[in-house]
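Have a look at start_35.cif; it's mmCIF, C-alpha atoms:
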```cif
data_run
#
loop_
_atom_site.group_PDB
_atom_site.id
_atom_site.type_symbol
_atom_site.label_atom_id
_atom_site.label_comp_id
_atom_site.auth_asym_id
_atom_site.auth_seq_id
_atom_site.Cartn_x
_atom_site.Cartn_y
_atom_site.Cartn_z
ATOM 1 C CA ASN A 1 20.789 23.194 5.012
ATOM 2 C CA GLU A 2 21.420 21.151 8.117
ATOM 3 C CA ILE A 3 21.460 23.122 11.373
ATOM 4 C CA LEU A 4 24.296 22.036 13.647
ATOM 5 C CA THR A 5 24.397 22.093 17.429
ATOM 6 C CA LEU A 6 27.218 24.005 19.084
ATOM 7 C CA THR A 7 29.500 22.289 21.570
ATOM 8 C CA PRO A 8 29.457 23.718 25.105
ATOM 9 C CA PRO A 9 31.899 26.447 26.139
ATOM 10 C CA ALA A 10 35.168 25.465 27.783
ATOM 11 C CA ILE A 11 37.372 27.133 30.370
ATOM 12 C CA LYS A 12 40.923 28.387 29.965
ATOM 13 C CA ASN A 13 41.734 27.872 33.651
ATOM 14 C CA GLU A 14 43.802 24.753 34.267
ATOM 15 C CA GLU A 15 42.928 24.573 37.957
ATOM 16 C CA PHE A 16 39.604 24.853 39.765
ATOM 17 C CA ILE A 17 41.119 26.423 42.880
ATOM 18 C CA LEU A 18 41.932 30.022 42.044
ATOM 19 C CA SER A 19 44.725 32.146 43.475
ATOM 20 C CA GLU A 20 44.023 35.568 44.993
ATOM 21 C CA ASN A 21 43.756 37.590 41.772
ATOM 22 C CA GLU A 22 42.973 34.810 39.306
ATOM 23 C CA GLN A 23 39.736 35.071 37.312
ATOM 24 C CA ILE A 24 37.561 32.614 35.375
ATOM 25 C CA GLU A 25 38.100 32.641 31.619
ATOM 26 C CA LEU A 26 35.670 31.018 29.173
ATOM 27 C CA LYS A 27 36.348 30.121 25.540
ATOM 28 C CA HIS A 28 34.834 28.465 22.473
ATOM 29 C CA GLN A 29 36.552 27.077 19.387
ATOM 30 C CA VAL A 30 33.931 28.354 16.942
ATOM 31 C CA GLY A 31 34.258 31.975 15.856
ATOM 32 C CA GLY A 32 31.362 34.388 16.234
ATOM 33 C CA VAL A 33 29.893 32.509 19.209
ATOM 34 C CA SER A 34 28.343 34.327 22.170
ATOM 35 C CA ILE A 35 28.678 32.696 25.564
ATOM 36 C CA ARG A 36 25.802 33.264 27.982
ATOM 37 C CA TYR A 37 26.469 32.434 31.634
ATOM 38 C CA THR A 38 25.059 32.559 35.156
ATOM 39 C CA MET A 39 26.582 32.445 38.623
ATOM 40 C CA ASP A 40 23.414 32.066 40.721
ATOM 41 C CA GLY A 41 22.789 28.359 40.073
ATOM 42 C CA SER A 42 20.167 28.921 37.367
ATOM 43 C CA ASP A 43 20.561 27.737 33.785
ATOM 44 C CA PRO A 44 21.540 30.471 31.314
ATOM 45 C CA ASP A 45 19.059 31.426 28.631
ATOM 46 C CA SER A 46 19.621 32.798 25.144
ATOM 47 C CA THR A 47 18.298 36.312 25.696
ATOM 48 C CA THR A 48 18.612 37.682 29.227
ATOM 49 C CA SER A 49 21.654 35.982 30.784
ATOM 50 C CA PRO A 50 24.902 37.999 30.745
ATOM 51 C CA ILE A 51 27.159 37.620 27.708
ATOM 52 C CA TYR A 52 30.724 36.686 28.559
ATOM 53 C CA SER A 53 33.102 39.405 27.341
ATOM 54 C CA SER A 54 36.015 39.405 29.795
ATOM 55 C CA PRO A 55 37.416 37.280 32.650
ATOM 56 C CA VAL A 56 35.073 36.942 35.620
ATOM 57 C CA ALA A 57 36.229 37.705 39.162
ATOM 58 C CA VAL A 58 34.980 35.466 41.960
ATOM 59 C CA ASN A 59 34.994 35.566 45.729
ATOM 60 C CA GLY A 60 34.898 32.160 47.375
ATOM 61 C CA PHE A 61 33.054 29.150 46.005
ATOM 62 C CA THR A 62 31.492 29.797 42.593
ATOM 63 C CA LEU A 63 29.285 27.691 40.337
ATOM 64 C CA ILE A 64 29.305 29.036 36.794
ATOM 65 C CA LYS A 65 26.947 27.683 34.140
ATOM 66 C CA ALA A 66 27.435 28.550 30.470
ATOM 67 C CA LYS A 67 26.073 27.831 27.011
ATOM 68 C CA ALA A 68 27.196 28.815 23.505
ATOM 69 C CA ILE A 69 24.889 30.678 21.110
ATOM 70 C CA ARG A 70 25.260 31.676 17.457
ATOM 71 C CA THR A 71 22.747 32.660 14.784
ATOM 72 C CA GLY A 72 22.065 29.769 12.415
ATOM 73 C CA TRP A 73 23.126 27.139 14.960
ATOM 74 C CA TYR A 74 21.325 25.291 17.724
ATOM 75 C CA SER A 75 22.498 26.498 21.142
ATOM 76 C CA SER A 76 24.873 24.211 22.977
ATOM 77 C CA PRO A 77 23.878 22.212 26.036
ATOM 78 C CA THR A 78 24.540 23.996 29.316
ATOM 79 C CA THR A 79 27.826 23.116 30.983
ATOM 80 C CA SER A 80 28.824 23.729 34.608
ATOM 81 C CA PHE A 81 32.113 24.459 36.358
ATOM 82 C CA THR A 82 32.798 24.787 40.080
ATOM 83 C CA PHE A 83 35.578 27.001 41.391
ATOM 84 C CA PHE A 84 37.046 27.679 44.793
ATOM 85 C CA LYS A 85 39.163 30.572 46.018
ATOM 86 C CA LYS A 86 42.467 29.568 47.573
ATOM 87 C CA ALA A 87 42.477 30.304 51.295
ATOM 88 C CA MET A 88 44.523 28.939 54.186
ATOM 89 C CA ASN A 89 46.577 25.800 53.715
ATOM 90 C CA PRO A 90 47.366 23.482 56.643
ATOM 91 C CA SER A 91 50.981 22.599 57.396
ATOM 92 C CA ARG A 92 50.087 18.910 57.640
ATOM 93 C CA THR A 93 47.090 16.642 57.037
ATOM 94 C CA GLU A 94 46.451 13.228 58.550
ATOM 95 C CA LEU A 95 43.844 10.685 57.479
ATOM 96 C CA LEU A 96 42.343 8.956 60.530
ATOM 97 C CA THR A 97 40.449 6.491 58.336
ATOM 98 C CA GLN A 98 41.507 5.016 55.034
ATOM 99 C CA PRO A 99 39.687 5.423 51.717
ATOM 100 C CA ASN A 100 38.476 2.570 49.569
ATOM 101 C CA GLU A 101 41.343 0.822 47.789
ATOM 102 C CA LYS A 102 40.017 1.811 44.353
ATOM 103 C CA TYR A 103 39.592 5.479 45.252
ATOM 104 C CA LYS A 104 42.552 6.355 47.473
ATOM 105 C CA GLY A 105 43.848 9.259 45.392
ATOM 106 C CA ASN A 106 47.251 10.345 46.646
ATOM 107 C CA GLY A 107 46.439 9.810 50.284
ATOM 108 C CA ALA A 108 46.163 12.701 52.736
ATOM 109 C CA VAL A 109 47.877 15.139 50.363
ATOM 110 C CA THR A 110 44.847 14.813 48.056
ATOM 111 C CA LEU A 111 42.975 17.089 50.474
ATOM 112 C CA THR A 112 45.492 19.944 50.305
ATOM 113 C CA ASP A 113 47.212 19.791 46.890
ATOM 114 C CA LEU A 114 44.840 22.452 45.463
ATOM 115 C CA LYS A 115 43.576 20.084 42.756
ATOM 116 C CA LYS A 116 39.880 19.445 42.168
ATOM 117 C CA GLY A 117 38.453 16.374 40.488
ATOM 118 C CA VAL A 118 35.887 16.737 37.740
ATOM 119 C CA ALA A 119 32.449 15.234 38.287
ATOM 120 C CA GLU A 120 32.590 12.858 35.322
ATOM 121 C CA ASN A 121 35.839 11.153 36.396
ATOM 122 C CA PHE A 122 35.466 9.939 39.969
ATOM 123 C CA SER A 123 38.437 7.569 39.526
ATOM 124 C CA ASP A 124 40.735 10.572 39.148
ATOM 125 C CA ALA A 125 43.494 10.833 41.759
ATOM 126 C CA ALA A 126 42.015 14.194 42.792
ATOM 127 C CA TRP A 127 39.161 12.322 44.549
ATOM 128 C CA LEU A 128 39.115 10.233 47.709
ATOM 129 C CA GLY A 129 36.337 7.671 48.088
ATOM 130 C CA PHE A 130 35.177 6.252 51.421
ATOM 131 C CA ARG A 131 32.916 3.219 51.548
ATOM 132 C CA GLU A 132 33.839 0.796 54.333
ATOM 133 C CA GLN A 133 34.329 3.483 56.970
ATOM 134 C CA PRO A 134 33.498 7.164 57.348
ATOM 135 C CA PHE A 135 35.921 9.861 56.262
ATOM 136 C CA ALA A 136 37.875 11.406 59.136
ATOM 137 C CA ALA A 137 40.927 13.637 58.901
ATOM 138 C CA VAL A 138 42.929 16.088 60.990
ATOM 139 C CA PHE A 139 44.312 19.361 59.601
ATOM 140 C CA TYR A 140 47.250 20.891 61.474
ATOM 141 C CA PHE A 141 48.131 24.617 61.415
ATOM 142 C CA ASP A 142 51.358 26.163 62.681
ATOM 143 C CA THR A 143 49.538 29.265 63.883
ATOM 144 C CA THR A 144 46.035 29.976 65.163
ATOM 145 C CA GLN A 145 43.594 30.520 62.298
ATOM 146 C CA LEU A 146 40.406 32.570 62.205
ATOM 147 C CA ILE A 147 37.898 30.551 60.193
ATOM 148 C CA ASN A 148 34.607 32.169 59.235
ATOM 149 C CA SER A 149 33.204 29.390 57.095
ATOM 150 C CA ILE A 150 34.022 25.945 55.749
ATOM 151 C CA SER A 151 32.902 24.483 52.416
ATOM 152 C CA ILE A 152 32.906 20.752 51.776
ATOM 153 C CA SER A 153 32.694 19.511 48.198
ATOM 154 C CA TYR A 154 31.844 15.997 47.068
ATOM 155 C CA ASN A 155 30.944 14.104 43.924
ATOM 156 C CA GLU A 156 27.319 12.986 43.777
ATOM 157 C CA SER A 157 25.872 10.368 41.442
ATOM 158 C CA VAL A 158 23.140 8.055 42.642
ATOM 159 C CA GLN A 159 23.635 5.892 39.564
ATOM 160 C CA SER A 160 27.289 5.295 40.472
ATOM 161 C CA TYR A 161 26.547 4.946 44.219
ATOM 162 C CA LEU A 162 28.296 8.237 45.015
ATOM 163 C CA MET A 163 26.265 9.699 47.855
ATOM 164 C CA PRO A 164 26.558 12.775 50.084
ATOM 165 C CA PRO A 165 27.750 12.275 53.648
ATOM 166 C CA ALA A 166 24.864 11.554 55.995
ATOM 167 C CA GLU A 167 26.365 13.870 58.622
ATOM 168 C CA VAL A 168 29.355 16.204 58.930
ATOM 169 C CA GLU A 169 31.113 17.137 62.184
ATOM 170 C CA ILE A 170 33.762 19.836 62.597
ATOM 171 C CA TRP A 171 36.041 19.601 65.640
ATOM 172 C CA ALA A 172 38.845 21.957 66.653
ATOM 173 C CA GLY A 173 41.350 22.509 69.441
ATOM 174 C CA ASP A 174 44.968 23.003 70.422
ATOM 175 C CA GLU A 175 45.636 19.272 70.842
ATOM 176 C CA LYS A 176 44.476 16.309 68.796
ATOM 177 C CA ASP A 177 43.103 14.436 71.835
ATOM 178 C CA LYS A 178 41.330 17.492 73.273
ATOM 179 C CA LEU A 179 39.164 18.640 70.398
ATOM 180 C CA LYS A 180 35.760 20.245 70.888
ATOM 181 C CA LEU A 181 32.761 19.841 68.593
ATOM 182 C CA LEU A 182 32.092 23.149 66.827
ATOM 183 C CA LYS A 183 29.490 22.248 64.260
ATOM 184 C CA LYS A 184 27.313 19.346 63.204
ATOM 185 C CA ALA A 185 25.361 19.414 59.955
ATOM 186 C CA THR A 186 23.532 17.125 57.573
ATOM 187 C CA ALA A 187 24.061 17.290 53.822
ATOM 188 C CA THR A 188 21.202 17.534 51.365
ATOM 189 C CA GLN A 189 20.330 14.045 50.152
ATOM 190 C CA PRO A 190 19.415 13.401 46.491
ATOM 191 C CA THR A 191 15.784 12.699 45.682
ATOM 192 C CA LYS A 192 16.322 11.569 42.088
ATOM 193 C CA GLU A 193 19.052 10.157 39.912
ATOM 194 C CA GLU A 194 21.180 12.781 38.271
ATOM 195 C CA LYS A 195 24.382 12.687 36.274
ATOM 196 C CA ASN A 196 27.645 13.175 38.150
ATOM 197 C CA VAL A 197 27.768 16.609 39.748
ATOM 198 C CA VAL A 198 30.070 18.315 42.257
ATOM 199 C CA ARG A 199 28.068 19.500 45.255
ATOM 200 C CA VAL A 200 29.184 21.945 47.923
ATOM 201 C CA GLU A 201 27.870 22.270 51.458
ATOM 202 C CA GLY A 202 28.675 25.405 53.465
ATOM 203 C CA LEU A 203 29.113 25.089 57.213
#
```
Show how you would write the structure in this file as structure tokens.
Amino acid sequence: NEILTLTPPAIKNEEFILSENEQIELKHQVGGVSIRYTMDGSDPDSTTSPIYSSPVAVNGFTLIKAKAIRTGWYSSPTTSFTFFKKAMNPSRTELLTQPNEKYKGNGAVTLTDLKKGVAENFSDAAWLGFREQPFAAVFYFDTTQLINSISISYNESVQSYLMPPAEVEIWAGDEKDKLKLLKKATATQPTKEEKNVVRVEGL
């Protein structure tokens, strides 16, 4: 008898930015399948990784990797999903520089519409692509916000010329023309060609 390979698990969540009490739900179309998963960045294995049995709660940015397993079948390839927890939303967003014409998404609203692009489809309107000039934007809040951390996600694929930002600067202040530099950081640069993947840098 021919041994078939399982397809990877899928997710039930329609969005990748989760509301306060929303949890991650995994699924598979083949009955009797066990889903092994990890949340620490490692690839799941067939024996020691946790078995998915109920929705998974997350707190902040989460990378979940999963694979399907069933006796008599080859295990599926590992698949990855990135999730974010919904936090504060600015009252207005302004792009100071314009994205490339082919990758302009829905303009400034792309940054705050709570939609995340998938790694394999960088032409999706959920992505903004900057090539001719660096990305710069201003986020306005009606009230003073206490911000403990900032995560920046981007699509990386050396093969498709999608590269991390060379440097990231965070400025803040009460007036647009009187901002102060709070943080400067460099993103991890790729050392080898990989398939499209969503990366996240914490500041």
- Message: Would you pick out the contacts of stretch 180-190 of chain A at 7 Å or less, using only C-alpha atoms, so that residues sharing its chain but fewer than 5 positions from it are not included, and give the list as a list in words?
- Response: Pro164, Pro165, Ala166, Glu167, Val168, Glu169, Ile170, Trp171, Ala172, Gly173 and Glu201 of chain A
- Task: Quick one: everything within 7 Å of A:Pro8, counting all atoms listed in the file, minus sequence neighbours fewer than 6 positions away in the same chain. Send it as an MDAnalysis selection string.
- Result: chainID A and resid 67:68 76:79
- Message: Assuming the chain letters and numbering stay as they are in my file, what does the PyMOL selection byres ((chain A and resi 58) around 8) actually select? List them as an MDAnalysis selection string.
- Response: chainID A and resid 23:24 56:57 59:62 85
- Note on the structure: From the list A:Pro90, A:Glu2, A:Ser75, A:Pro9, the nearest residue to A:Tyr52 using all atoms listed in the file is A:Pro9
- Task: Select, from A:Lys27, A:Lys176, A:Lys102, A:Arg92, the residue with the minimum atom-to-atom distance to A:Leu128, counting only C-alpha atoms.
- Result: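 Checking each of A:Lys27, A:Lys176, A:Lys102, A:Arg92 against A:Leu128, counting only C-alpha atoms, the winner is A:Lys102.
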- Message: Taking 3 positions as the minimum chain separation for residues in the same chain, which residues sit within 7 Å of A:Gly129 when counting all atoms listed in the file? Answer as number ranges by chain.
- Response: A: 99-100, 103-104
Using 4 Å of padding on each side, determine the axis-aligned box around all atoms of stretch 4-13 of chain A present in the file and give its centre and edge lengths in Å to one decimal, as AutoDock Vina command-line options.
```
--center_x 33.0 --center_y 25.2 --center_z 23.6 --size_x 25.4 --size_y 14.4 --size_z 28.0
```
- Query: Could you name the residues that touch stretch 33-50 of chain A at 6 Å or less, counting all atoms listed in the file, but leaving out those on the same chain fewer than 5 positions away, as a PyMOL selection string?
  - Reply: chain A and resi 63-70
- Have a look at atom CA of A:Leu4 and atom CA of A:Gly72 and let me know their distance in Å, one decimal.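 Computing it gives 8.1 Å between the two atoms.
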- Task: Determine, counting all atoms listed in the file, which protein, DNA and RNA residues have an atom within 12 Å of an atom of A:Val118; residues of the same chain fewer than 3 positions away are not included. Present the result as a list in words.
- Result: Glu14, Glu15, Phe16, Ser80, Phe81, Thr82, Phe83, Lys115, Asn121, Phe122, Ser123, Asp124, Ala125, Ala126, Trp127, Ser153, Tyr154, Asn155, Glu156, Asn196, Val197, Val198 and Arg199 of chain A
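In this model, the gap between atom CA of A:Asp113 and atom CA of A:Pro134 comes to 21.4 Å.
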- State, in Å with one decimal place, the distance from atom CA of A:Ile3 to atom CA of A:Trp73.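 Distance reported for this atom pair: 5.6 Å.
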- Message: Which residues would end up in the selection if the PyMOL selection byres ((chain A and resi 135) around 8) were applied here, given that I need the answer as a PyMOL selection string?
- Response: chain A and resi 96-99+130+133-134+136-137
